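Engineer: Mind looking over this structure? Questions follow.
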Amino acid sequence: MESAKAVPLTCHGHSRPVTHLSFSDVVEDDQYYLISACKDNNPMLRDGVTGDWIGTFIGHKGACWQARLSSDATLAATASADFSAKVWDTHTGECLHTLQHAHIVRAIAFPSQPRPQILATGGFEKKLMVYDLSQSGVSPNSNSSSPTSPIFGANGHASHPPGYEIGPGVHKSTIRSIIWGGDLNILITACEDKNIRWFDVRTRSPIATHAVDGTIGSCELNPSKSTLSVAAGKSAYFFSGTSPGQLLKSVVFSKEVASVAVHEGERKFVTGGNQDTWVKVWDLDGDGQGDSLDVWKGHHGPIWSLGFSPDGKLCASGSEDGTVKLWKFCEGGYGLWK
């Protein structure tokens with residue numbers, strides 16, 4: 001593919017390993033945005049096409065493990081080791097909500113809708129929580145003399161949206177990733193107990209579970225939300241994005257994979273290793289054995305997160321080396337590639 005000849009765009013700015021990255025949908029005029037989470041505490045917003053830095057969200061006091069944008073890129077949500085999740089206004093950089101937790105927050109998700117008013121979180125508490133951001137205000141149970149309530153956002157406004165747990169007691173270990181499905185009633189979790197679970201938000205109960213072999217690295221929906229791809233141990237799993245629990249295909253590799261992303265249109269997928277520094281391109285209809293279709297070299301550390309842009313024309317990678325790279329995945333010119 002011609003993209004192999006194109007030099008990747010390298011996005012600098014982070015000072016520690018990049019743990020997660022996520023794209024918005026196409027917002028207008030073919031424009032979309034990218035957010036990166038990092039162990040330097042400071043998530044960054046970028047132009048998705050060029051990788052140009054737009055802003056940094058300042059406020060977390062610990063490593064940021066996961067970051068997501070609303071579909072229209074007006075809101076950002078971040079999960080942190082400082083025992084909090086935050087929701088931000090992407091135009092002003094203002095922290096709109098701070099959701100205090102009892103332990104490290106590893107995972108966060110918005111439903112796929114413009115300026116969503118609900119948010120899901122998970123982490124070391126082993127609880128999948130859903131919060132109603134529209135009900136933000138001082139908690140009725142708050143004691144004003146308590147230093148922890150009400151909980152204040154960076155802008156000083158009291159922010160204590162009510163939350164409830166989905167599937168109490170179901171998760172046996174840390175929740176590593178949360179995905180809000182194309183169906184807004186379905187939430188998906190990837191847990192360190194080596195299970196992928198699908199939940200019905202209406203009944204607050206699990207409706208499907210699939211065990212995987214090995215530690216889960218990444219769990220993401222492709223931009224069209226047709227396929228859920230999971231990296232776990234030495235395997236990549238591809239589940240239906242619309243039918244909970246339906247495994248479409250699994251591929252076993254000779255080495256462990258830390259991240260995976262799928263491009264349905266090209267019938268290809270990419271993997272990042274935790275023992276090397278390369279992104280590999282594979283045939284989605286192949287078995288993962290033998291040589292990959294392409295190898296992208298440029299990172300200097302393991303690749304923890306991969307994702308295709310909403311138009312499918314580039315792939316973003318986030319690495320232990322502290323950089324985000326954008327790789328062209330189309331013929332001809334695109335963005336800064338002329």
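So you can find residues: chains in the structure tokens are A, B, ... in the order shown, residues in each start at 1, and ligands are numbered from 1 in order.
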At a cut-off of 9 Å, using only C-alpha atoms, what residues contact Phe83 in chain A? Leave out same-chain residues fewer than 2 positions from it and give the result as a ChimeraX atom specification.
Structural biologist: /A:62,79-81,85,99-105
Engineer: Give me, as a PyMOL selection string, all polymer residues having an atom no more than 8 Å from Glu220 in chain A, counting only C-alpha atoms and skipping those fewer than 3 positions away in the same chain.
Structural biologist: chain A and resi 179+228-230+261
Engineer: Considering only C-alpha atoms, return as a short mmCIF file (atom, residue, chain, number, x, y, z; two decimals) with N, CA and C atoms, in the first residue's frame whatever protein or nucleic-acid residues lie within 8 Å of Ser70 in chain A, sequence-local ones (same chain, fewer than 4 positions apart) excluded.
Structural biologist:
```cif
data_model
loop_
_atom_site.label_atom_id
_atom_site.label_comp_id
_atom_site.auth_asym_id
_atom_site.auth_seq_id
_atom_site.Cartn_x
_atom_site.Cartn_y
_atom_site.Cartn_z
N SER A 24 -12.78 11.88 17.64
CA SER A 24 -14.19 12.26 17.56
C SER A 24 -14.73 11.73 16.23
N THR A 74 -17.32 18.41 21.39
CA THR A 74 -17.53 19.57 22.27
C THR A 74 -17.14 19.27 23.71
N LEU A 75 -17.13 17.99 24.07
CA LEU A 75 -16.79 17.57 25.43
C LEU A 75 -15.66 16.54 25.39
N ALA A 76 -14.83 16.56 26.43
CA ALA A 76 -13.82 15.53 26.63
C ALA A 76 -14.03 14.92 28.00
N PHE A 110 -18.33 8.01 26.80
CA PHE A 110 -19.55 8.75 26.49
C PHE A 110 -20.40 7.91 25.55
N PRO A 111 -21.74 8.08 25.58
CA PRO A 111 -22.54 7.53 24.48
C PRO A 111 -22.24 8.32 23.21
N SER A 112 -22.44 7.70 22.08
CA SER A 112 -22.12 8.35 20.80
C SER A 112 -23.25 9.29 20.40
N GLN A 113 -23.19 10.50 20.94
CA GLN A 113 -24.19 11.51 20.63
C GLN A 113 -23.58 12.89 20.89
N PRO A 114 -24.12 13.93 20.28
CA PRO A 114 -23.58 15.27 20.50
C PRO A 114 -23.78 15.73 21.94
N ARG A 115 -22.77 16.36 22.50
CA ARG A 115 -22.79 16.91 23.86
C ARG A 115 -23.58 16.02 24.84
N PRO A 116 -23.11 14.80 25.03
CA PRO A 116 -23.84 13.84 25.88
C PRO A 116 -23.94 14.31 27.32
#
```
Engineer: Skip Thr323 in chain A itself and residues of its chain fewer than 3 positions away, then list as a JSON list (two decimals) with N, CA and C atoms, in the first residue's frame all residues within 9 Å of it, counting only C-alpha atoms.
Structural biologist:
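Output contents, as saved in part32.json:
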```json
[["chain", "number", "residue", "atom", "x", "y", "z"],
["A", 10, "THR", "N", 4.59, 13.00, 13.53],
["A", 10, "THR", "CA", 4.87, 12.75, 14.95],
["A", 10, "THR", "C", 4.39, 13.92, 15.78],
["A", 11, "CYS", "N", 3.56, 13.62, 16.78],
["A", 11, "CYS", "CA", 2.98, 14.64, 17.66],
["A", 11, "CYS", "C", 3.71, 14.62, 19.00],
["A", 12, "HIS", "N", 4.48, 15.66, 19.24],
["A", 12, "HIS", "CA", 5.22, 15.78, 20.50],
["A", 12, "HIS", "C", 4.40, 16.60, 21.51],
["A", 13, "GLY", "N", 4.88, 16.63, 22.73],
["A", 13, "GLY", "CA", 4.22, 17.44, 23.76],
["A", 13, "GLY", "C", 4.08, 16.72, 25.07],
["A", 14, "HIS", "N", 3.80, 15.42, 25.01],
["A", 14, "HIS", "CA", 3.71, 14.65, 26.26],
["A", 14, "HIS", "C", 5.11, 14.33, 26.78],
["A", 15, "SER", "N", 5.23, 14.20, 28.11],
["A", 15, "SER", "CA", 6.52, 13.93, 28.72],
["A", 15, "SER", "C", 6.62, 12.54, 29.34],
["A", 16, "ARG", "N", 5.54, 11.77, 29.25],
["A", 16, "ARG", "CA", 5.52, 10.40, 29.78],
["A", 16, "ARG", "C", 4.81, 9.51, 28.75],
["A", 17, "PRO", "N", 4.70, 8.21, 29.04],
["A", 17, "PRO", "CA", 4.04, 7.31, 28.09],
["A", 17, "PRO", "C", 2.59, 7.70, 27.80],
["A", 18, "VAL", "N", 2.21, 7.56, 26.52],
["A", 18, "VAL", "CA", 0.83, 7.78, 26.09],
["A", 18, "VAL", "C", 0.05, 6.48, 26.31],
["A", 299, "HIS", "N", 8.31, 4.36, 16.27],
["A", 299, "HIS", "CA", 8.21, 4.50, 17.73],
["A", 299, "HIS", "C", 9.44, 3.90, 18.41],
["A", 317, "SER", "N", -1.31, 6.16, 16.53],
["A", 317, "SER", "CA", -0.71, 5.24, 17.49],
["A", 317, "SER", "C", -0.16, 6.03, 18.67],
["A", 318, "GLY", "N", -0.35, 5.50, 19.87],
["A", 318, "GLY", "CA", 0.16, 6.12, 21.09],
["A", 318, "GLY", "C", 1.13, 5.17, 21.77],
["A", 319, "SER", "N", 2.29, 5.68, 22.18],
["A", 319, "SER", "CA", 3.37, 4.80, 22.61],
["A", 319, "SER", "C", 3.95, 5.14, 23.98],
["A", 320, "GLU", "N", 4.65, 4.15, 24.51],
["A", 320, "GLU", "CA", 5.45, 4.31, 25.72],
["A", 320, "GLU", "C", 6.48, 5.43, 25.57]]
```
Engineer: At a cut-off of 6 Å, using only C-alpha atoms, what residues contact Met129 in chain A? Leave out same-chain residues fewer than 4 positions from it and give the result as a list in words.
Structural biologist: Ala120, Thr121, Tyr164 and Glu165 of chain A
Engineer: Given the selection you just returned, output its residues as a file containing N, CA, C and O atoms, formatted as an mmCIF file, in the first residue's frame.
Structural biologist:
```cif
data_model
loop_
_atom_site.group_PDB
_atom_site.id
_atom_site.type_symbol
_atom_site.label_atom_id
_atom_site.label_comp_id
_atom_site.auth_asym_id
_atom_site.auth_seq_id
_atom_site.Cartn_x
_atom_site.Cartn_y
_atom_site.Cartn_z
ATOM 1 N N ALA A 120 -19.957 7.078 31.615
ATOM 2 C CA ALA A 120 -19.665 5.823 32.315
ATOM 3 C C ALA A 120 -18.201 5.803 32.745
ATOM 4 O O ALA A 120 -17.325 6.263 32.004
ATOM 5 N N THR A 121 -17.939 5.289 33.955
ATOM 6 C CA THR A 121 -16.574 5.169 34.453
ATOM 7 C C THR A 121 -16.345 3.794 35.070
ATOM 8 O O THR A 121 -17.291 3.109 35.461
ATOM 9 N N TYR A 164 -25.051 5.767 39.408
ATOM 10 C CA TYR A 164 -25.539 4.459 39.840
ATOM 11 C C TYR A 164 -24.684 3.378 39.202
ATOM 12 O O TYR A 164 -24.072 3.589 38.150
ATOM 13 N N GLU A 165 -24.633 2.225 39.848
ATOM 14 C CA GLU A 165 -23.790 1.128 39.369
ATOM 15 C C GLU A 165 -24.567 0.215 38.435
ATOM 16 O O GLU A 165 -25.742 -0.104 38.670
#
```
Engineer: Need the shell around Ser22 in chain A: protein/DNA/RNA residues with any atom at most 6 Å away, counting only C-alpha atoms. Skip same-chain ones fewer than 4 positions apart. Format as an MDAnalysis selection string?
Structural biologist: chainID A and resid 34:35 68
Engineer: Output all heavy atoms for every residue in that selection, as a compact mmCIF listing (two decimals), in the first residue's frame.
Structural biologist:
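In the end it all went to out_35.txt:
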```txt
# COMPACT_ATOMS: atom_id res chain seq x y z
N LEU A 34 -8.65 14.62 17.89
CA LEU A 34 -7.98 13.50 18.55
C LEU A 34 -7.61 13.91 19.97
O LEU A 34 -7.10 15.02 20.19
CB LEU A 34 -6.71 13.13 17.78
CG LEU A 34 -5.77 12.08 18.39
CD1 LEU A 34 -6.43 10.71 18.38
CD2 LEU A 34 -4.46 12.04 17.60
N ILE A 35 -7.88 13.04 20.93
CA ILE A 35 -7.45 13.30 22.30
C ILE A 35 -6.52 12.18 22.74
O ILE A 35 -6.71 11.01 22.36
CB ILE A 35 -8.67 13.42 23.27
CG1 ILE A 35 -8.22 13.97 24.62
CG2 ILE A 35 -9.42 12.11 23.39
CD1 ILE A 35 -9.36 14.34 25.55
N ARG A 68 -11.58 10.32 26.20
CA ARG A 68 -12.49 10.21 25.05
C ARG A 68 -13.14 11.55 24.75
O ARG A 68 -13.31 12.39 25.65
CB ARG A 68 -13.57 9.17 25.33
CG ARG A 68 -13.01 7.75 25.52
CD ARG A 68 -14.08 6.70 25.39
NE ARG A 68 -13.58 5.38 25.72
CZ ARG A 68 -12.94 4.57 24.89
NH1 ARG A 68 -12.71 4.96 23.65
NH2 ARG A 68 -12.52 3.40 25.28
```
Engineer: Would you mind reading off the distance between CA of Ser259 in chain A and CA of Val295 in chain A, one decimal, in Å?
Structural biologist: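 Interatomic distance, CA of Ser259 in chain A to CA of Val295 in chain A: 14.6 Å.
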Engineer: Identify, with DSSP run on backbone atoms, the residues in range 12-236 of chain A assigned to strand (DSSP E or B), and express the list as a PyMOL selection string.
Structural biologist: chain A and resi 18-23+28+31+33-38+44-47+53-56+64-69+75-80+84-89+95-100+105-109+118-123+128-132+152+158+163-166+175-180+186-191+195-200+205-211+216-221+227-232+235-236
Engineer: Which distance in Å separates CA of Ile108 in chain A and CA of Glu125 in chain A, to one decimal?
Structural biologist: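 Result for CA of Ile108 in chain A versus CA of Glu125 in chain A: 13.3 Å, one decimal.
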Engineer: Rounded to one decimal, what separation in Å do you get between CA of Leu9 in chain A and CA of Trp327 in chain A?
Structural biologist: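 Computed distance, CA of Leu9 in chain A to CA of Trp327 in chain A, equals 6.7 Å.
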Engineer: How close does range 7-122 of chain A get to range 305-314 of chain A? List, as a tab-separated table, each residue of range 7-122 of chain A within 10 Å, its nearest atom pair and the distance in Å to one decimal, counting only C-alpha atoms.
Structural biologist:
```
residue	atom	partner	partner_atom	distance
A:Pro8	CA	A:Leu314	CA	9.7
A:Val18	CA	A:Ser305	CA	8.0
A:Thr19	CA	A:Ser305	CA	6.6
A:His20	CA	A:Ser305	CA	5.2
A:Leu21	CA	A:Ser305	CA	6.2
A:Ser22	CA	A:Gly307	CA	6.7
A:Phe23	CA	A:Ser309	CA	6.3
A:Ser24	CA	A:Pro310	CA	7.2
A:Asp25	CA	A:Pro310	CA	5.5
A:Val26	CA	A:Pro310	CA	6.2
A:Val27	CA	A:Pro310	CA	9.8
A:Asp30	CA	A:Asp311	CA	8.2
A:Gln31	CA	A:Asp311	CA	9.6
A:Tyr32	CA	A:Pro310	CA	7.6
A:Tyr33	CA	A:Ser309	CA	8.8
A:Leu34	CA	A:Ser309	CA	8.6
A:Ser36	CA	A:Ser305	CA	9.5
A:Ala37	CA	A:Ser305	CA	9.9
A:Gly48	CA	A:Ser309	CA	7.4
A:Val49	CA	A:Leu314	CA	8.1
```
Engineer: Kindly export the residues of the current selection with N, CA and C atoms, as a PDB file, in the first residue's frame.
Structural biologist:
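Final file, selection_38.pdb:
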```pdb
ATOM      1  N   PRO A   8       5.335   9.100   8.733  1.00  0.00           N
ATOM      2  CA  PRO A   8       4.272   9.433   9.689  1.00  0.00           C
ATOM      3  C   PRO A   8       4.464  10.831  10.284  1.00  0.00           C
ATOM      4  N   VAL A  18       2.207   7.555  26.518  1.00  0.00           N
ATOM      5  CA  VAL A  18       0.829   7.784  26.090  1.00  0.00           C
ATOM      6  C   VAL A  18       0.050   6.484  26.311  1.00  0.00           C
ATOM      7  N   THR A  19      -1.011   6.569  27.099  1.00  0.00           N
ATOM      8  CA  THR A  19      -1.750   5.374  27.511  1.00  0.00           C
ATOM      9  C   THR A  19      -2.952   5.070  26.625  1.00  0.00           C
ATOM     10  N   HIS A  20      -3.518   6.115  25.991  1.00  0.00           N
ATOM     11  CA  HIS A  20      -4.755   5.912  25.235  1.00  0.00           C
ATOM     12  C   HIS A  20      -4.979   7.092  24.307  1.00  0.00           C
ATOM     13  N   LEU A  21      -5.581   6.831  23.152  1.00  0.00           N
ATOM     14  CA  LEU A  21      -6.021   7.922  22.289  1.00  0.00           C
ATOM     15  C   LEU A  21      -7.349   7.571  21.641  1.00  0.00           C
ATOM     16  N   SER A  22      -8.071   8.636  21.263  1.00  0.00           N
ATOM     17  CA  SER A  22      -9.426   8.446  20.760  1.00  0.00           C
ATOM     18  C   SER A  22      -9.806   9.600  19.839  1.00  0.00           C
ATOM     19  N   PHE A  23     -10.518   9.274  18.754  1.00  0.00           N
ATOM     20  CA  PHE A  23     -10.970  10.284  17.798  1.00  0.00           C
ATOM     21  C   PHE A  23     -12.419  10.671  18.067  1.00  0.00           C
ATOM     22  N   SER A  24     -12.783  11.884  17.642  1.00  0.00           N
ATOM     23  CA  SER A  24     -14.193  12.257  17.559  1.00  0.00           C
ATOM     24  C   SER A  24     -14.732  11.731  16.232  1.00  0.00           C
ATOM     25  N   ASP A  25     -16.017  11.972  15.978  1.00  0.00           N
ATOM     26  CA  ASP A  25     -16.560  11.748  14.642  1.00  0.00           C
ATOM     27  C   ASP A  25     -16.120  12.908  13.750  1.00  0.00           C
ATOM     28  N   VAL A  26     -16.429  12.811  12.454  1.00  0.00           N
ATOM     29  CA  VAL A  26     -16.230  13.966  11.576  1.00  0.00           C
ATOM     30  C   VAL A  26     -17.246  15.017  11.993  1.00  0.00           C
ATOM     31  N   VAL A  27     -16.765  16.211  12.322  1.00  0.00           N
ATOM     32  CA  VAL A  27     -17.628  17.246  12.874  1.00  0.00           C
ATOM     33  C   VAL A  27     -18.217  18.109  11.767  1.00  0.00           C
ATOM     34  N   ASP A  30     -15.109  17.885   6.867  1.00  0.00           N
ATOM     35  CA  ASP A  30     -14.108  16.817   6.935  1.00  0.00           C
ATOM     36  C   ASP A  30     -13.160  16.963   8.120  1.00  0.00           C
ATOM     37  N   GLN A  31     -13.525  17.792   9.100  1.00  0.00           N
ATOM     38  CA  GLN A  31     -12.672  18.024  10.266  1.00  0.00           C
ATOM     39  C   GLN A  31     -13.036  17.054  11.400  1.00  0.00           C
ATOM     40  N   TYR A  32     -12.027  16.578  12.107  1.00  0.00           N
ATOM     41  CA  TYR A  32     -12.258  15.757  13.290  1.00  0.00           C
ATOM     42  C   TYR A  32     -11.100  15.981  14.258  1.00  0.00           C
ATOM     43  N   TYR A  33     -11.225  15.450  15.467  1.00  0.00           N
ATOM     44  CA  TYR A  33     -10.267  15.762  16.533  1.00  0.00           C
ATOM     45  C   TYR A  33      -9.770  14.489  17.207  1.00  0.00           C
ATOM     46  N   LEU A  34      -8.646  14.621  17.889  1.00  0.00           N
ATOM     47  CA  LEU A  34      -7.980  13.498  18.553  1.00  0.00           C
ATOM     48  C   LEU A  34      -7.613  13.912  19.968  1.00  0.00           C
ATOM     49  N   SER A  36      -5.490  12.538  23.507  1.00  0.00           N
ATOM     50  CA  SER A  36      -4.541  11.537  24.009  1.00  0.00           C
ATOM     51  C   SER A  36      -4.470  11.617  25.528  1.00  0.00           C
ATOM     52  N   ALA A  37      -4.444  10.445  26.172  1.00  0.00           N
ATOM     53  CA  ALA A  37      -4.249  10.345  27.620  1.00  0.00           C
ATOM     54  C   ALA A  37      -2.792   9.970  27.870  1.00  0.00           C
ATOM     55  N   GLY A  48      -7.292  16.268  14.375  1.00  0.00           N
ATOM     56  CA  GLY A  48      -7.115  14.870  14.006  1.00  0.00           C
ATOM     57  C   GLY A  48      -6.457  14.658  12.666  1.00  0.00           C
ATOM     58  N   VAL A  49      -6.624  15.607  11.754  1.00  0.00           N
ATOM     59  CA  VAL A  49      -6.082  15.455  10.406  1.00  0.00           C
ATOM     60  C   VAL A  49      -4.585  15.748  10.373  1.00  0.00           C
TER      61      VAL A  49
END
```
Engineer: Using only C-alpha atoms, which of the listed residues (A:Gly265, A:Gly298, A:Gly245, A:Gly169) sits closest to Asn195 in chain A?
Structural biologist: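 The answer is A:Gly245, which sits nearest to Asn195 in chain A.
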